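Trainee: Before I ask anything, let me first share the structure, which is written out below as structure tokens.
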Amino acid sequence: MSDDNVSVEDDRLMRWNGWGDPAKAKDLPLAVRTLLPLLLGRIRKPEPAAALDEVRVLPSRATADDLAAFAAAVGEENVLIDAEARIRHAGGRSTPDLLRRRAVEQATPDAVLRPATHDEVRACLDVAMERGLAVIPFGGGTSVVGALDPEPGGRHAVVSLDLQRLTGLLRLDEFSGEAVLAAGTTGPDAESLLGARGFELGHYPQSFRYATIGGFAAARSSGQNSAGNGRFDTMVTGLRVATPTGDLELGRSPGSAAGPDLVRVFLGSEGIFGVITEVRVRVHPVPRARLFESWTFPDFRSGADGMRRVAQSAGGPTVIRLSDESETAVSLAQVGRIGKALAKGASVITVYEGDDIAERRSRTSALLSAAGGVSAGEGAAEDWLEGRFDGPYLRDALLDAGVFCETLETATTWSQLAALKAAVEEALKSGFADAGAKSYVMCHVSHVYPTGASLYFTVLAGIRSEPLPVWETVKARVNDAILASGGTISHHHAVGRDHAPWLAQEIGDTGVRILAAIKRELDPRGIMNPGAVISVERTR
């Protein structure tokens, strides 16, 4: 079954100070421009963003000897110190990242390295270890938790290790249903390479068009098809990793009792232990058919009850997604069939892929109907699929209009879901209100398990002062509320630097000491992504 939504967009670089293809950047729809003052009041006009050629960066702190050593490892043409290359690797794509990209003066890595093989990655780490340089692994640049900040960690310079040349389908075992992909392979390229052989990975996060296989592993990503295909970490069967003190090839067999599973140590490690260079994943034949159905519910609680019933019953949809009343009202599409068909209450979309989809749809429909759902036809689900990777473009347009827009996520058990949702909404609304800003909070559930589900929030705010200090205060309040209410600090965005101060509250001080001990063993000089996941102080 072909899928127009997984094609490679083009070979142009991602917009340097925004999301995605610069040619696809768009103005706010009229319906949104009309709605915003009603929701947020008067909107503060933002300062003009700096153009790329106006941005000033400090001279590279990497010495001539540093650069010569890296050039010997990857070739002189793959050691970049020009301003544009360094700016493009200055961070990820969170709202704070993009607000910083609007400034004239920006912090950047001192050089960008572009290895093409595992051995070249290994050589770069050897140079960095010998010379005491911090290394930030860089895949698609889509992190939203500060994992790509050019933090030197007390070193004299920091380099970005860009894996975009480390690409390709290295092996495909059709009989076993396993593939080995180079870590820098993007989501669309992976699906194209596998699709040519009749297979699919089936991992589609919103960052799909730009994020990489190695990034999926390093952040423990969860894609929109997780109800049917599972999280990315459940797809991984093996890894190849280069660390400052040696290499690892992990995942000998489908199951093993040979000690703790070291594959899981590196999944979610965000580059603090080393660099994932190859990922072995389970794959499946490309689905031959697809069905859609959308639903309306009186409210979020009844929709969540329907989702729970489906998650606790075998053989459900490939995609199932619940939007609360606020998100349904605004609508991801803003206009058209979604706005007309799902104007009241909450809404659910379902997508079924595979060979037994009619039976799965019938079973799911019965469960959703029993929870109070009413079928609304196929249109809303089809519209969602068509635009499912385009949400960040709307975020950029909102920022251009002076509207603060950011997302965050968590997860908990079904029994605590409603309370956690209420606690996060209260923390967001009260936090912005204390700063004199009106806000509008939307929420959806897009990843479900038999025991619980994720909650994904989008918040709009009309901040009349500098937005970054306001958001830092609000986000801290939200993080406290999440942990106090039994949620996880991150379901799929990862920890990065933004969530690192709260990690000990989730895994305990002993858990942090375990991670720090692993890091000291694999990275004794502390060069790998300093400050991400665990603080620099805890690793010494």
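Numbering starts fresh at 1 for the residues of each chain in the structure tokens, the chains themselves are lettered A, B, ... in the order given, and ligands are numbered from 1 as they appear.
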What's around A:Gln224 at 9 Å? Count only C-alpha atoms, leave out sequence neighbours fewer than 6 positions away in its own chain, and write the answer as a VMD selection string.
Mentor: chain A and resid 203 to 206 318 to 321 388 446 to 447
Trainee: Dump C-alpha atoms for the selected residues as a PDB file, in the first residue's frame?
Mentor:
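Result written to out22.pdb:
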```pdb
ATOM      1  CA  HIS A 203       7.279   4.583  12.955  1.00  0.00           C
ATOM      2  CA  TYR A 204       5.695   7.980  12.284  1.00  0.00           C
ATOM      3  CA  PRO A 205       6.265  10.659  14.935  1.00  0.00           C
ATOM      4  CA  GLN A 206       5.372  14.232  14.013  1.00  0.00           C
ATOM      5  CA  THR A 318      -3.117   1.073  14.176  1.00  0.00           C
ATOM      6  CA  VAL A 319      -3.739   4.717  15.153  1.00  0.00           C
ATOM      7  CA  ILE A 320      -6.162   5.940  17.796  1.00  0.00           C
ATOM      8  CA  ARG A 321      -6.216   9.541  18.949  1.00  0.00           C
ATOM      9  CA  ARG A 388      -0.297  14.898  10.469  1.00  0.00           C
ATOM     10  CA  SER A 446      -2.298   9.596  21.054  1.00  0.00           C
ATOM     11  CA  HIS A 447      -0.490   6.684  22.731  1.00  0.00           C
TER      12      HIS A 447
END
```
Trainee: Hey, which bits of stretch 36-117 of chain A sit within 6 Å of stretch 127-144 of chain A, and for each residue what's the closest pair of atoms and how far apart in Å (one decimal), counting only C-alpha atoms, rows by chain and increasing number, as CSV?
Mentor:
```
residue,atom,partner,partner_atom,distance
A:Gly92,CA,A:Ser143,CA,4.7
A:Arg93,CA,A:Thr142,CA,5.3
A:Ser94,CA,A:Val144,CA,4.1
```
Trainee: What would the file look like if the residues just selected were written as a PDB file, in the first residue's frame with all heavy atoms?
Mentor:
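As written to disk, again.pdb reads:
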```
ATOM      1  N   GLY A  92      17.818  22.627  18.972  1.00  0.00           N
ATOM      2  CA  GLY A  92      16.755  21.836  18.388  1.00  0.00           C
ATOM      3  C   GLY A  92      15.621  22.699  17.879  1.00  0.00           C
ATOM      4  O   GLY A  92      15.840  23.788  17.352  1.00  0.00           O
ATOM      5  N   ARG A  93      14.382  22.203  18.071  1.00  0.00           N
ATOM      6  CA  ARG A  93      13.230  22.895  17.510  1.00  0.00           C
ATOM      7  C   ARG A  93      12.116  23.094  18.539  1.00  0.00           C
ATOM      8  O   ARG A  93      10.938  23.124  18.183  1.00  0.00           O
ATOM      9  CB  ARG A  93      12.690  22.115  16.296  1.00  0.00           C
ATOM     10  CG  ARG A  93      13.591  22.158  15.058  1.00  0.00           C
ATOM     11  CD  ARG A  93      13.807  23.565  14.559  1.00  0.00           C
ATOM     12  NE  ARG A  93      14.544  23.655  13.304  1.00  0.00           N
ATOM     13  CZ  ARG A  93      15.850  23.597  13.168  1.00  0.00           C
ATOM     14  NH1 ARG A  93      16.611  23.414  14.245  1.00  0.00           N
ATOM     15  NH2 ARG A  93      16.417  23.709  11.986  1.00  0.00           N
ATOM     16  N   SER A  94      12.469  23.240  19.809  1.00  0.00           N
ATOM     17  CA  SER A  94      11.463  23.646  20.788  1.00  0.00           C
ATOM     18  C   SER A  94      11.153  25.123  20.581  1.00  0.00           C
ATOM     19  O   SER A  94      11.890  25.844  19.886  1.00  0.00           O
ATOM     20  CB  SER A  94      11.971  23.424  22.207  1.00  0.00           C
ATOM     21  OG  SER A  94      13.012  24.351  22.518  1.00  0.00           O
TER      22      SER A  94
END
```
Trainee: Can you work out which one of A:Leu38, A:Leu193, A:Val445, A:Ala71 has the shortest atom-to-atom distance to A:Met307, counting only C-alpha atoms?
Mentor: A:Val445
Trainee: Which of stretch 268-307 of chain A counts as alpha helix (DSSP H) under DSSP, as a VMD selection string please?
Mentor: chain A and resid 300 to 307
Trainee: Calculated over only C-alpha atoms, which of the candidates A:Ile349, A:Val283, A:Ile272, A:Ala484 has the smallest distance to A:Thr539?
Mentor: A:Ile272
Trainee: Check the smallest atom-to-atom distance from each of A:Ala64, A:Leu368, A:Leu455, A:Ala179 to A:Trp295 using only C-alpha atoms, then report the winner.
Mentor: A:Leu368
Trainee: With a distance cut-off of 7 Å and only C-alpha atoms, select the neighbouring residues of A:Thr407, excluding the residue or stretch itself and same-chain residues fewer than 4 positions from it, and output the selection as a PyMOL selection string.
Mentor: chain A and resi 457-459
Trainee: Taking only C-alpha atoms into account, name the residue in A:Phe273, A:Gln164, A:Val281, A:Asp27 that is nearest to A:Gly238.
Mentor: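 Answer, going by the shortest atom-to-atom distance: A:Val281.
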Trainee: Report as a ChimeraX atom specification all protein, DNA and RNA residues lying within 10 Å of A:Glu426, evaluated on only C-alpha atoms, omitting residues in the same chain fewer than 3 positions from it.
Mentor: /A:420-423,429-432,441,477-478,481
Trainee: Those same residues - all heavy atoms - I'd like them written as a JSON list (two decimals), in the first residue's frame.
Mentor:
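And here's out-v4.json as it stands now:
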```json
[["chain", "number", "residue", "atom", "x", "y", "z"],
["A", 420, "LEU", "N", -4.42, 13.93, 36.41],
["A", 420, "LEU", "CA", -3.17, 14.47, 35.86],
["A", 420, "LEU", "C", -3.48, 15.56, 34.83],
["A", 420, "LEU", "O", -2.83, 16.62, 34.81],
["A", 420, "LEU", "CB", -2.34, 13.36, 35.25],
["A", 420, "LEU", "CG", -1.04, 13.79, 34.56],
["A", 420, "LEU", "CD1", -0.11, 14.51, 35.53],
["A", 420, "LEU", "CD2", -0.32, 12.57, 33.95],
["A", 421, "LYS", "N", -4.44, 15.30, 33.97],
["A", 421, "LYS", "CA", -4.82, 16.30, 32.97],
["A", 421, "LYS", "C", -5.25, 17.60, 33.64],
["A", 421, "LYS", "O", -4.81, 18.70, 33.26],
["A", 421, "LYS", "CB", -5.95, 15.77, 32.09],
["A", 421, "LYS", "CG", -6.42, 16.73, 31.00],
["A", 421, "LYS", "CD", -7.47, 16.06, 30.12],
["A", 421, "LYS", "CE", -7.90, 16.95, 28.95],
["A", 421, "LYS", "NZ", -8.72, 18.11, 29.37],
["A", 422, "ALA", "N", -6.08, 17.49, 34.67],
["A", 422, "ALA", "CA", -6.55, 18.69, 35.37],
["A", 422, "ALA", "C", -5.40, 19.43, 36.05],
["A", 422, "ALA", "O", -5.35, 20.67, 36.03],
["A", 422, "ALA", "CB", -7.61, 18.29, 36.40],
["A", 423, "ALA", "N", -4.46, 18.70, 36.63],
["A", 423, "ALA", "CA", -3.33, 19.33, 37.32],
["A", 423, "ALA", "C", -2.43, 20.09, 36.35],
["A", 423, "ALA", "O", -1.98, 21.21, 36.65],
["A", 423, "ALA", "CB", -2.52, 18.27, 38.07],
["A", 429, "LYS", "N", -2.47, 27.29, 33.17],
["A", 429, "LYS", "CA", -3.33, 28.48, 33.18],
["A", 429, "LYS", "C", -2.95, 29.43, 34.31],
["A", 429, "LYS", "O", -2.86, 30.65, 34.11],
["A", 429, "LYS", "CB", -4.79, 28.05, 33.29],
["A", 429, "LYS", "CG", -5.31, 27.34, 32.06],
["A", 429, "LYS", "CD", -6.73, 26.82, 32.25],
["A", 429, "LYS", "CE", -7.21, 26.08, 31.03],
["A", 429, "LYS", "NZ", -8.58, 25.51, 31.20],
["A", 430, "SER", "N", -2.72, 28.89, 35.50],
["A", 430, "SER", "CA", -2.36, 29.76, 36.63],
["A", 430, "SER", "C", -0.98, 30.36, 36.45],
["A", 430, "SER", "O", -0.75, 31.52, 36.83],
["A", 430, "SER", "CB", -2.43, 28.98, 37.94],
["A", 430, "SER", "OG", -1.48, 27.93, 37.97],
["A", 431, "GLY", "N", -0.07, 29.59, 35.86],
["A", 431, "GLY", "CA", 1.28, 30.10, 35.64],
["A", 431, "GLY", "C", 1.29, 31.29, 34.70],
["A", 431, "GLY", "O", 1.93, 32.32, 34.97],
["A", 432, "PHE", "N", 0.56, 31.18, 33.60],
["A", 432, "PHE", "CA", 0.50, 32.32, 32.67],
["A", 432, "PHE", "C", -0.31, 33.46, 33.27],
["A", 432, "PHE", "O", 0.04, 34.64, 33.07],
["A", 432, "PHE", "CB", -0.10, 31.87, 31.34],
["A", 432, "PHE", "CG", 0.87, 31.15, 30.46],
["A", 432, "PHE", "CD1", 0.69, 29.82, 30.14],
["A", 432, "PHE", "CD2", 1.98, 31.81, 29.94],
["A", 432, "PHE", "CE1", 1.60, 29.14, 29.33],
["A", 432, "PHE", "CE2", 2.90, 31.15, 29.12],
["A", 432, "PHE", "CZ", 2.71, 29.80, 28.82],
["A", 441, "VAL", "N", -5.44, 26.16, 26.53],
["A", 441, "VAL", "CA", -4.78, 24.87, 26.64],
["A", 441, "VAL", "C", -5.59, 23.80, 25.93],
["A", 441, "VAL", "O", -6.81, 23.68, 26.16],
["A", 441, "VAL", "CB", -4.57, 24.49, 28.12],
["A", 441, "VAL", "CG1", -3.84, 23.14, 28.23],
["A", 441, "VAL", "CG2", -3.79, 25.57, 28.86],
["A", 477, "ARG", "N", 6.60, 24.98, 37.01],
["A", 477, "ARG", "CA", 5.37, 24.69, 37.75],
["A", 477, "ARG", "C", 4.68, 23.46, 37.18],
["A", 477, "ARG", "O", 4.17, 22.62, 37.92],
["A", 477, "ARG", "CB", 4.45, 25.91, 37.70],
["A", 477, "ARG", "CG", 3.16, 25.72, 38.49],
["A", 477, "ARG", "CD", 2.26, 26.95, 38.43],
["A", 477, "ARG", "NE", 2.87, 28.11, 39.05],
["A", 477, "ARG", "CZ", 2.20, 29.24, 39.31],
["A", 477, "ARG", "NH1", 0.91, 29.33, 39.02],
["A", 477, "ARG", "NH2", 2.81, 30.27, 39.87],
["A", 478, "VAL", "N", 4.66, 23.35, 35.87],
["A", 478, "VAL", "CA", 4.03, 22.19, 35.22],
["A", 478, "VAL", "C", 4.77, 20.91, 35.56],
["A", 478, "VAL", "O", 4.16, 19.88, 35.88],
["A", 478, "VAL", "CB", 3.96, 22.39, 33.69],
["A", 478, "VAL", "CG1", 3.53, 21.11, 33.00],
["A", 478, "VAL", "CG2", 3.02, 23.53, 33.35],
["A", 481, "ALA", "N", 3.91, 19.80, 38.91],
["A", 481, "ALA", "CA", 2.55, 19.26, 38.96],
["A", 481, "ALA", "C", 2.48, 17.86, 38.37],
["A", 481, "ALA", "O", 1.77, 16.99, 38.89],
["A", 481, "ALA", "CB", 1.60, 20.20, 38.20]]
```
Trainee: Using only C-alpha atoms, can you tell me which of A:Thr350, A:Thr237, A:Ala366, A:Val403 comes closest to A:Trp384?
Mentor: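 With only C-alpha atoms as the atom set, the closest residue is A:Thr350.
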Trainee: Would you mind reading off the distance between atom CA of A:Leu267 and atom CA of A:Val145, one decimal, in Å?
Mentor: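 Atom-to-atom, atom CA of A:Leu267 and atom CA of A:Val145 are spaced 16.2 Å apart.
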Trainee: To test your reading of the structure, identify every residue in stretch 55-251 of chain A that backbone DSSP assigns to strand (DSSP E or B), and report it as a count of residues only.
Mentor: 44
Trainee: Find the residue from A:Gly316, A:Thr212, A:Pro467, A:Gly496 that sits nearest to A:Glu359; use only C-alpha atoms when measuring.
Mentor: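 Residue with the minimum atom-to-atom distance to A:Glu359: A:Gly316.
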Trainee: Residues near A:Thr185, anyone? I mean within 9 Å using only C-alpha atoms, not counting same-chain ones fewer than 2 positions away, as a list in words.
Mentor: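 Counting only the stated atoms, we get Gly139, Leu163, Gln164, Arg165, Leu166, Thr167, Gly168, Leu169, Leu181, Ala182, Ala183, Gly187, Pro188, Asp189, Ala190, Ala211, Thr212, Ile213 and Gly214 of chain A.
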Trainee: Suppose you want the space between atom CA of A:Leu170 and atom CA of A:Gly198; what is it in Å?
Mentor: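 Distance between the two atoms: 15.8 Å.
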Trainee: Write out as a tab-separated table the residues of stretch 249-290 of chain A that have any atom within 10 Å of an atom of stretch 533-536 of chain A, one row each with the nearest atom pair and its distance in Å to one decimal, counting only C-alpha atoms, sorted by chain and then rising number.
Mentor:
```
residue	atom	partner	partner_atom	distance
A:Gly268	CA	A:Val533	CA	9.2
A:Ser269	CA	A:Val533	CA	7.5
A:Glu270	CA	A:Val533	CA	7.4
A:Gly271	CA	A:Val533	CA	9.3
A:Ile272	CA	A:Val533	CA	7.6
```
Trainee: Create the file for the chosen residues now, containing C-alpha atoms and written as a compact mmCIF listing (two decimals), in the first residue's frame.
Mentor:
```txt
# COMPACT_ATOMS: atom_id res chain seq x y z
CA GLY A 268 16.86 7.08 25.72
CA SER A 269 20.48 7.93 26.53
CA GLU A 270 20.46 11.05 24.28
CA GLY A 271 24.14 10.82 23.40
CA ILE A 272 25.50 11.03 26.95
```
Trainee: Would you kindly return, as a PyMOL selection string, each protein, DNA or RNA residue with an atom no farther than 10 Å from any atom of A:Asp97, considering only C-alpha atoms and excluding same-chain residues fewer than 6 positions away?
Mentor: chain A and resi 17-18+90-91+143-146+148-149+468
Trainee: Those selected residues, please, written with N, CA and C atoms and delivered as a short mmCIF file (atom, residue, chain, number, x, y, z; two decimals), in the first residue's frame.
Mentor:
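Saved to part37.cif:
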```
data_model
loop_
_atom_site.label_atom_id
_atom_site.label_comp_id
_atom_site.auth_asym_id
_atom_site.auth_seq_id
_atom_site.Cartn_x
_atom_site.Cartn_y
_atom_site.Cartn_z
N ASN A 17 15.67 28.76 11.30
CA ASN A 17 15.08 29.34 12.51
C ASN A 17 13.62 28.96 12.67
N GLY A 18 13.24 27.81 12.14
CA GLY A 18 11.86 27.35 12.23
C GLY A 18 11.80 25.88 11.88
N ALA A 90 22.84 24.95 16.24
CA ALA A 90 22.88 25.64 17.54
C ALA A 90 21.84 25.13 18.53
N GLY A 91 20.98 24.22 18.12
CA GLY A 91 19.97 23.71 19.03
C GLY A 91 18.93 22.92 18.28
N SER A 143 15.08 17.78 18.29
CA SER A 143 14.88 17.71 19.75
C SER A 143 14.08 18.92 20.23
N VAL A 144 13.19 18.69 21.20
CA VAL A 144 12.42 19.80 21.78
C VAL A 144 12.63 19.90 23.29
N VAL A 145 13.73 19.32 23.79
CA VAL A 145 13.99 19.35 25.23
C VAL A 145 15.40 19.85 25.55
N GLY A 146 16.01 20.60 24.63
CA GLY A 146 17.33 21.15 24.91
C GLY A 146 18.47 20.16 24.79
N LEU A 148 20.22 19.41 22.26
CA LEU A 148 21.23 19.79 21.27
C LEU A 148 21.90 21.12 21.59
N ASP A 149 21.66 21.65 22.77
CA ASP A 149 22.31 22.91 23.14
C ASP A 149 23.83 22.74 23.09
N LEU A 468 10.58 34.02 27.15
CA LEU A 468 11.38 32.93 27.68
C LEU A 468 11.39 32.86 29.21
#
```
Trainee: What are the closest atom pairs, with distances in Å to one decimal, for all residues of stretch 347-423 of chain A lying within 9 Å of stretch 487-494 of chain A? Consider only C-alpha atoms, order rows by chain and residue number, and present the result as CSV.
Mentor:
```
residue,atom,partner,partner_atom,distance
A:Leu408,CA,A:His493,CA,8.0
A:Glu409,CA,A:Ser490,CA,6.1
A:Thr410,CA,A:His491,CA,5.0
A:Ala411,CA,A:Gly487,CA,5.4
A:Thr412,CA,A:Gly487,CA,5.0
A:Thr413,CA,A:Gly487,CA,8.3
A:Gln416,CA,A:Gly487,CA,8.5
A:Leu417,CA,A:Gly487,CA,8.7
A:Leu420,CA,A:Gly487,CA,6.9
```
Trainee: Residues near A:Asp233, anyone? I mean within 8 Å using only C-alpha atoms, not counting same-chain ones fewer than 4 positions away, as a PyMOL selection string.
Mentor: chain A and resi 217+220-221+267
